>>> print(open('input.txt').read())   # compact mmCIF, C-alpha atoms
# COMPACT_ATOMS: atom_id res chain seq x y z
CA MET A 1 86.29 141.52 198.40
CA GLU A 2 85.38 137.97 197.41
CA LYS A 3 87.53 138.57 194.32
CA PHE A 4 90.61 138.30 196.54
CA ILE A 5 89.45 134.94 197.88
CA PHE A 6 88.73 133.59 194.39
CA ALA A 7 92.14 134.87 193.22
CA PHE A 8 93.81 133.06 196.11
CA LEU A 9 91.94 129.80 195.50
CA VAL A 10 92.22 129.67 191.70
CA GLY A 11 95.83 130.90 191.63
CA GLY A 12 96.78 128.45 194.35
CA ALA A 13 95.06 125.61 192.50
CA ILE A 14 96.95 126.32 189.27
CA CYS A 15 100.26 126.42 191.16
CA MET A 16 99.36 123.15 192.88
CA LEU A 17 98.68 121.63 189.48
CA GLY A 18 102.17 122.70 188.42
CA GLN A 19 103.67 121.17 191.55
CA LEU A 20 101.80 117.91 190.84
CA LEU A 21 103.14 117.84 187.27
CA MET A 22 106.67 118.13 188.67
CA ASP A 23 106.32 115.63 191.54
CA VAL A 24 104.00 112.97 190.12
CA PHE A 25 104.78 113.09 186.39
CA ARG A 26 108.48 113.94 186.95
CA LEU A 27 108.56 116.90 184.60
CA THR A 28 111.36 119.44 184.92
CA PRO A 29 110.24 122.99 185.82
CA ALA A 30 110.81 124.03 182.18
CA HIS A 31 108.61 121.23 180.81
CA MET A 32 105.98 122.04 183.42
CA THR A 33 105.75 125.75 182.55
CA VAL A 34 105.71 124.96 178.82
CA SER A 35 102.84 122.48 179.35
CA LEU A 36 100.86 125.07 181.32
CA VAL A 37 101.37 127.67 178.59
CA VAL A 38 100.16 125.26 175.90
CA VAL A 39 97.13 124.31 178.01
CA GLY A 40 96.40 128.02 178.50
CA ALA A 41 96.62 128.62 174.74
CA ILE A 42 94.19 125.75 174.02
CA LEU A 43 91.74 126.95 176.67
CA GLY A 44 92.04 130.46 175.23
CA GLY A 45 91.25 129.13 171.75
CA LEU A 46 88.15 127.39 173.10
CA GLY A 47 87.08 130.64 174.76
CA LEU A 48 87.23 129.15 178.24
CA TYR A 49 90.08 131.20 179.74
CA GLU A 50 88.45 134.65 179.55
CA PRO A 51 85.52 133.59 181.79
CA LEU A 52 88.06 132.26 184.27
CA ILE A 53 89.82 135.65 184.36
CA LYS A 54 86.46 137.36 184.84
CA PHE A 55 85.73 135.00 187.71
CA ALA A 56 89.09 134.91 189.48
CA GLY A 57 90.86 138.08 188.28
CA ALA A 58 94.56 137.91 189.03
CA GLY A 59 94.15 134.29 190.15
CA ALA A 60 93.88 133.40 186.47
CA SER A 61 95.88 136.22 184.87
CA VAL A 62 99.04 135.92 187.01
CA PRO A 63 99.89 132.21 186.47
CA ILE A 64 101.94 131.55 183.33
CA SER A 65 99.00 129.78 181.61
CA SER A 66 97.49 133.22 180.97
CA PHE A 67 100.50 133.95 178.73
CA GLY A 68 99.26 131.29 176.28
CA ASN A 69 95.75 132.66 176.51
CA SER A 70 96.77 136.25 175.87
CA LEU A 71 98.85 135.24 172.82
CA VAL A 72 95.79 133.52 171.33
CA SER A 73 93.30 136.24 172.22
CA GLY A 74 95.46 139.00 170.71
CA ALA A 75 95.87 137.01 167.49
CA LEU A 76 92.16 136.18 167.24
CA ASP A 77 91.00 139.76 167.91
CA GLU A 78 93.24 141.15 165.19
CA ALA A 79 92.25 138.35 162.79
CA ALA A 80 88.61 139.31 163.32
CA ARG A 81 89.41 142.92 162.36
CA ASN A 82 91.96 142.59 159.54
CA GLY A 83 91.77 139.02 158.32
CA ILE A 84 94.04 136.04 158.77
CA ILE A 85 97.34 137.98 158.58
CA GLY A 86 96.39 139.38 162.00
CA VAL A 87 97.48 136.07 163.53
CA LEU A 88 101.07 136.97 162.64
CA THR A 89 100.98 140.71 163.27
CA ALA A 90 99.16 140.71 166.60
CA ILE A 91 100.26 137.55 168.39
CA PHE A 92 102.22 139.68 170.89
CA GLU A 93 99.47 142.30 171.13
CA THR A 94 98.19 141.45 174.61
CA PRO A 95 101.27 140.05 176.42
CA ARG A 96 103.58 142.80 175.16
CA ALA A 97 103.54 144.53 178.58
CA GLY A 98 104.87 141.41 180.24
CA ILE A 99 107.53 140.68 177.63
CA SER A 100 108.83 144.22 177.31
CA SER A 101 108.91 144.87 181.05
CA ALA A 102 110.66 141.53 181.57
CA ILE A 103 113.37 142.49 179.07
CA ILE A 104 113.77 146.07 180.30
CA PHE A 105 113.85 145.35 184.01
CA GLY A 106 115.82 142.14 183.58
CA PHE A 107 118.54 144.11 181.86
CA LEU A 108 118.35 146.91 184.43
CA ALA A 109 118.67 144.34 187.24
CA SER A 110 121.88 143.01 185.72
CA LEU A 111 123.51 146.44 186.03
CA PRO A 112 123.71 146.91 189.83
CA PHE A 113 123.27 143.33 191.16
CA LYS A 114 125.98 140.71 191.40
CA PRO A 115 125.37 136.93 191.52
CA LYS A 116 124.69 135.64 195.03
CA GLY A 117 125.91 132.42 196.61
CA MET B 1 111.44 104.32 182.82
CA SER B 2 109.51 102.58 180.06
CA ASP B 3 110.10 98.94 179.14
CA LYS B 4 111.21 99.87 175.67
CA LYS B 5 114.04 101.99 177.01
CA LYS B 6 114.97 99.32 179.53
CA LYS B 7 115.66 96.71 176.85
CA LYS B 8 118.43 98.81 175.33
CA LEU B 9 120.38 98.91 178.60
CA SER B 10 122.97 96.33 179.57
CA PRO B 11 122.32 94.22 182.72
CA VAL B 12 124.78 96.34 184.68
CA GLN B 13 122.99 99.51 183.66
CA GLN B 14 119.65 97.99 184.62
CA GLU B 15 121.07 97.05 187.99
CA TYR B 16 122.27 100.61 188.47
CA GLN B 17 118.86 102.03 187.51
CA GLN B 18 117.29 99.82 190.17
CA PHE B 19 119.95 100.85 192.68
CA ALA B 20 119.43 104.55 191.98
CA LYS B 21 115.64 104.24 192.12
CA GLU B 22 115.70 102.62 195.56
CA ARG B 23 117.95 105.29 196.97
CA GLU B 24 116.18 108.31 195.51
CA PRO B 25 114.62 110.26 198.38
CA LYS B 26 110.81 110.10 198.41
CA ARG B 27 109.20 113.38 197.49
CA PRO B 28 106.78 114.71 200.12
CA ILE B 29 104.04 115.31 197.53
CA ALA B 30 101.30 116.42 199.92
CA LYS B 31 103.55 118.91 201.72
CA ASN B 32 104.92 120.28 198.43
CA CYS B 33 101.41 120.71 197.04
CA LEU B 34 100.19 122.52 200.14
CA ARG B 35 103.17 124.88 200.05
CA ALA B 36 102.70 125.52 196.32
CA PHE B 37 99.02 126.22 196.89
CA VAL B 38 99.63 128.70 199.71
CA ALA B 39 102.56 130.50 198.03
CA GLY B 40 100.88 130.65 194.62
CA GLY B 41 97.67 131.83 196.22
CA ILE B 42 99.46 134.61 198.08
CA ILE B 43 101.25 135.79 194.91
CA CYS B 44 97.93 135.84 193.03
CA THR B 45 96.30 137.73 195.90
CA ILE B 46 99.05 140.37 195.70
CA GLY B 47 98.36 140.43 191.94
CA GLN B 48 94.66 140.89 192.66
CA PHE B 49 95.52 143.87 194.84
CA PHE B 50 97.40 145.50 191.93
CA HIS B 51 94.47 144.54 189.67
CA TRP B 52 92.02 146.27 192.00
CA PHE B 53 94.35 149.28 192.32
CA TYR B 54 94.63 149.79 188.53
CA MET B 55 90.89 149.32 188.05
CA THR B 56 89.98 151.77 190.79
CA TYR B 57 92.51 154.56 190.23
CA PHE B 58 93.21 154.26 186.49
CA ASN B 59 90.84 153.62 183.61
CA PHE B 60 91.45 149.92 183.18
CA THR B 61 88.69 147.35 182.73
CA GLU B 62 88.52 143.89 184.26
CA VAL B 63 90.42 142.36 181.31
CA THR B 64 92.88 145.15 180.40
CA ALA B 65 94.00 145.61 184.01
CA ALA B 66 95.84 142.28 183.68
CA ASN B 67 98.62 144.00 181.67
CA PRO B 68 99.84 146.53 184.26
CA THR B 69 99.28 143.92 186.99
CA VAL B 70 101.67 141.52 185.29
CA ALA B 71 104.20 144.32 184.71
CA SER B 72 104.10 145.36 188.39
CA LEU B 73 104.60 141.79 189.58
CA ILE B 74 107.52 141.42 187.18
CA ILE B 75 109.22 144.52 188.60
CA LEU B 76 108.63 143.28 192.15
CA SER B 77 110.00 139.84 191.36
CA MET B 78 113.07 141.29 189.65
CA LEU B 79 113.90 143.41 192.68
CA LEU B 80 113.52 140.40 194.96
CA THR B 81 115.65 138.27 192.62
CA GLY B 82 118.39 140.90 192.45
CA LEU B 83 118.45 141.18 196.24
CA GLY B 84 118.67 137.40 196.51
CA VAL B 85 115.37 137.02 198.39
CA TYR B 86 113.36 135.23 195.70
CA ASP B 87 115.57 132.14 195.75
CA HIS B 88 114.87 131.65 199.45
CA ILE B 89 111.13 131.93 198.87
CA ALA B 90 111.35 129.52 195.92
CA GLN B 91 113.24 127.02 198.06
CA TRP B 92 110.24 126.83 200.34
CA ALA B 93 107.43 127.21 197.84
CA GLY B 94 108.53 125.11 194.83
CA GLY B 95 105.89 125.27 192.10
CA GLY B 96 104.11 128.11 193.90
CA THR B 97 106.82 130.50 192.76
CA ILE B 98 107.57 128.92 189.35
CA VAL B 99 104.04 128.96 187.92
CA PRO B 100 103.10 132.64 188.47
CA VAL B 101 104.58 135.20 186.12
CA THR B 102 107.01 136.17 188.89
CA GLY B 103 108.81 132.87 188.26
CA PHE B 104 109.16 133.77 184.59
CA ALA B 105 110.67 137.12 185.58
CA ASN B 106 112.91 135.38 188.09
CA THR B 107 114.43 133.09 185.45
CA ILE B 108 115.14 136.06 183.15
CA THR B 109 116.73 138.17 185.89
CA SER B 110 118.80 135.40 187.40
CA ALA B 111 120.12 134.40 183.96
CA ALA B 112 120.96 138.04 183.21
CA ILE B 113 122.77 138.57 186.52
CA GLU B 114 124.56 135.24 186.38
CA HIS B 115 126.04 135.79 182.92
CA ARG B 116 127.05 139.38 183.54
CA SER B 117 130.69 138.40 183.88
CA GLU B 118 130.67 137.29 180.22
CA GLY B 119 129.94 140.82 179.08
CA TYR B 120 126.76 142.70 178.36
CA VAL B 121 126.20 141.70 174.74
CA LEU B 122 127.13 138.02 174.67
CA GLY B 123 126.60 137.36 178.38
CA VAL B 124 123.49 139.28 179.43
CA GLY B 125 121.92 139.72 176.01
CA GLY B 126 122.66 136.22 174.83
CA ASN B 127 121.67 134.31 177.93
CA MET B 128 118.76 136.33 179.29
CA PHE B 129 116.15 134.07 177.68
CA LYS B 130 118.08 130.85 178.16
CA ILE B 131 115.53 129.45 180.64
CA ALA B 132 112.51 131.58 179.75
CA GLY B 133 112.93 131.03 176.00
CA PRO B 134 111.06 127.70 175.79
CA VAL B 135 107.98 129.32 177.33
CA ILE B 136 107.93 132.00 174.65
CA VAL B 137 108.74 129.63 171.77
CA PHE B 138 106.13 127.02 172.67
CA GLY B 139 103.62 129.65 173.75
CA VAL B 140 103.83 131.50 170.44
CA PHE B 141 103.87 128.35 168.34
CA SER B 142 100.93 126.72 170.12
CA ALA B 143 99.03 130.04 170.06
CA PHE B 144 99.62 130.22 166.30
CA ILE B 145 98.29 126.69 165.76
CA VAL B 146 95.31 127.25 168.07
CA ALA B 147 94.41 130.54 166.36
CA ILE B 148 94.64 128.99 162.89
CA VAL B 149 92.51 125.98 163.92
CA ARG B 150 89.94 128.26 165.53
CA LEU B 151 89.74 130.49 162.44
CA ALA B 152 89.45 127.44 160.18
CA VAL B 153 86.63 126.03 162.29
CA GLU B 154 84.86 129.39 162.23
CA ALA B 155 85.31 129.68 158.45
CA LEU B 156 83.86 126.22 157.97
CA GLY B 157 80.79 127.24 159.94
CA GLY B 158 81.63 125.53 163.21
CA MET B 159 79.77 126.55 166.35
CA LEU B 160 82.73 127.89 168.33
>>> encode(input="input.txt", output="structure tokens")
Amino acid sequence: MEKFIFAFLVGGAICMLGQLLMDVFRLTPAHMTVSLVVVGAILGGLGLYEPLIKFAGAGASVPISSFGNSLVSGALDEAARNGIIGVLTAIFETPRAGISSAIIFGFLASLPFKPKG
Amino acid sequence: MSDKKKKKLSPVQQEYQQFAKEREPKRPIAKNCLRAFVAGGIICTIGQFFHWFYMTYFNFTEVTAANPTVASLIILSMLLTGLGVYDHIAQWAGGGTIVPVTGFANTITSAAIEHRSEGYVLGVGGNMFKIAGPVIVFGVFSAFIVAIVRLAVEALGGML
């Protein structure tokens, strides 16, 4: 049960960080998400993001920074198995569910829905 | 604006910059942060519920359950975007709805729906990743660099 509380707190904190980047440092939403992804990739490379996911569950895996982490972790796992070429072949290994479902359902959504407002 | 940039502007332009700066509405930073915290927290809690669901009823582990969780949230967010609800939530929540993966899905869906009138190949297919593209490009490139650096450090006998 405490997992839900940690997810709320950590997820909320990451979103607040994003809001601060937009309001205080005047980044556009696109620059803000890109920065978070790069930070996530660096933390993943240092091996610090996985413990955060273990601690906060979805609180760490739902914010966009986990996209950077999962790219790195997939590449590193495959590189450990099959050598350095694994960085190229397996970079989409872990986040493939997110990417493919985004493409599939994004396209499906464009079939029935019309632009609003 | 930095001093270096300022020097290139003519006096009239500088005057205008000053004029625009004074009239720009102040951003309620504390209120925005609180809203982002609450909204982001709620989205992550919903994600945690999916996480728990996939771990309990399917054979996913703590780490692998993140994949179906993200996919479920993406589907949810796309439905809400298509129905026009997500924009209203985002209006209130700001960064709380942009940072979670639901915001990523929202940008893809809204771009796809918006460009539908230009046809399915050039409109939907060509513009789907217009806003979400930078995230993928910079994510993949930075992940590549980070992975190479990490492997190099390991090969050189670093302690990582």
>>> atom_distance(input="input.txt", atom1="atom CA of Gly157 of chain B", atom2="atom CA of Gly74 of chain A")
21.7 Å
>>> closest_residue(input="input.txt", among="A:Asn69, A:Thr89, A:Asn82, A:Thr28", to="chain B", atoms="all atoms listed in the file")
A:Asn69
>>> residues_around(input="input.txt", residues="Gly44 of chain A", least_positions_apart="2", cutoff="10 Å", atoms="only C-alpha atoms", output="list of chain:residue names")
A:Val38, A:Val39, A:Gly40, A:Ala41, A:Ile42, A:Leu46, A:Gly47, A:Leu48, A:Tyr49, A:Glu50, A:Pro51, A:Ser65, A:Ser66, A:Phe67, A:Gly68, A:Asn69, A:Ser70, A:Leu71, A:Val72, A:Ser73, A:Leu76, B:Ala143, B:Val146, B:Ala147
>>> write_last_selection(input="input.txt", atoms="C-alpha atoms", output="mmCIF file, keeping the file's coordinate frame")
data_model
loop_
_atom_site.group_PDB
_atom_site.id
_atom_site.type_symbol
_atom_site.label_atom_id
_atom_site.label_comp_id
_atom_site.auth_asym_id
_atom_site.auth_seq_id
_atom_site.Cartn_x
_atom_site.Cartn_y
_atom_site.Cartn_z
ATOM 1 C CA VAL A 38 100.160 125.260 175.900
ATOM 2 C CA VAL A 39 97.130 124.310 178.010
ATOM 3 C CA GLY A 40 96.400 128.020 178.500
ATOM 4 C CA ALA A 41 96.620 128.620 174.740
ATOM 5 C CA ILE A 42 94.190 125.750 174.020
ATOM 6 C CA LEU A 46 88.150 127.390 173.100
ATOM 7 C CA GLY A 47 87.080 130.640 174.760
ATOM 8 C CA LEU A 48 87.230 129.150 178.240
ATOM 9 C CA TYR A 49 90.080 131.200 179.740
ATOM 10 C CA GLU A 50 88.450 134.650 179.550
ATOM 11 C CA PRO A 51 85.520 133.590 181.790
ATOM 12 C CA SER A 65 99.000 129.780 181.610
ATOM 13 C CA SER A 66 97.490 133.220 180.970
ATOM 14 C CA PHE A 67 100.500 133.950 178.730
ATOM 15 C CA GLY A 68 99.260 131.290 176.280
ATOM 16 C CA ASN A 69 95.750 132.660 176.510
ATOM 17 C CA SER A 70 96.770 136.250 175.870
ATOM 18 C CA LEU A 71 98.850 135.240 172.820
ATOM 19 C CA VAL A 72 95.790 133.520 171.330
ATOM 20 C CA SER A 73 93.300 136.240 172.220
ATOM 21 C CA LEU A 76 92.160 136.180 167.240
ATOM 22 C CA ALA B 143 99.030 130.040 170.060
ATOM 23 C CA VAL B 146 95.310 127.250 168.070
ATOM 24 C CA ALA B 147 94.410 130.540 166.360
#
>>> closest_residue(input="input.txt", among="A:Thr94, A:Ser101, A:Ser110, A:Gln19", to="Leu76 of chain B", atoms="all atoms listed in the file")
A:Ser101
>>> interface_residues(input="input.txt", of="chain A", to="chain B", cutoff="7 Å", atoms="all atoms listed in the file", output="ChimeraX atom specification")
/A:4,7-9,11-13,15-16,18-20,23,33-34,37-38,41-42,45,54,57-59,61-64,68,71-72,75-76,87,97-98,101-102,105-107,109-110,113-116
>>> atom_distance(input="input.txt", atom1="atom CA of Ile53 of chain A", atom2="atom CA of Ile14 of chain A")
12.7 Å
>>> axis_aligned_box(input="input.txt", around="segment 46-52 of chain A", padding_each_side="6 Å", output="lines of an AutoDock Vina configuration file")
center_x = 87.8
center_y = 131.0
center_z = 178.7
size_x = 16.6
size_y = 19.3
size_z = 23.2
>>> atom_distance(input="input.txt", atom1="atom CA of Met1 of chain A", atom2="atom CA of Ala60 of chain A")
16.3 Å
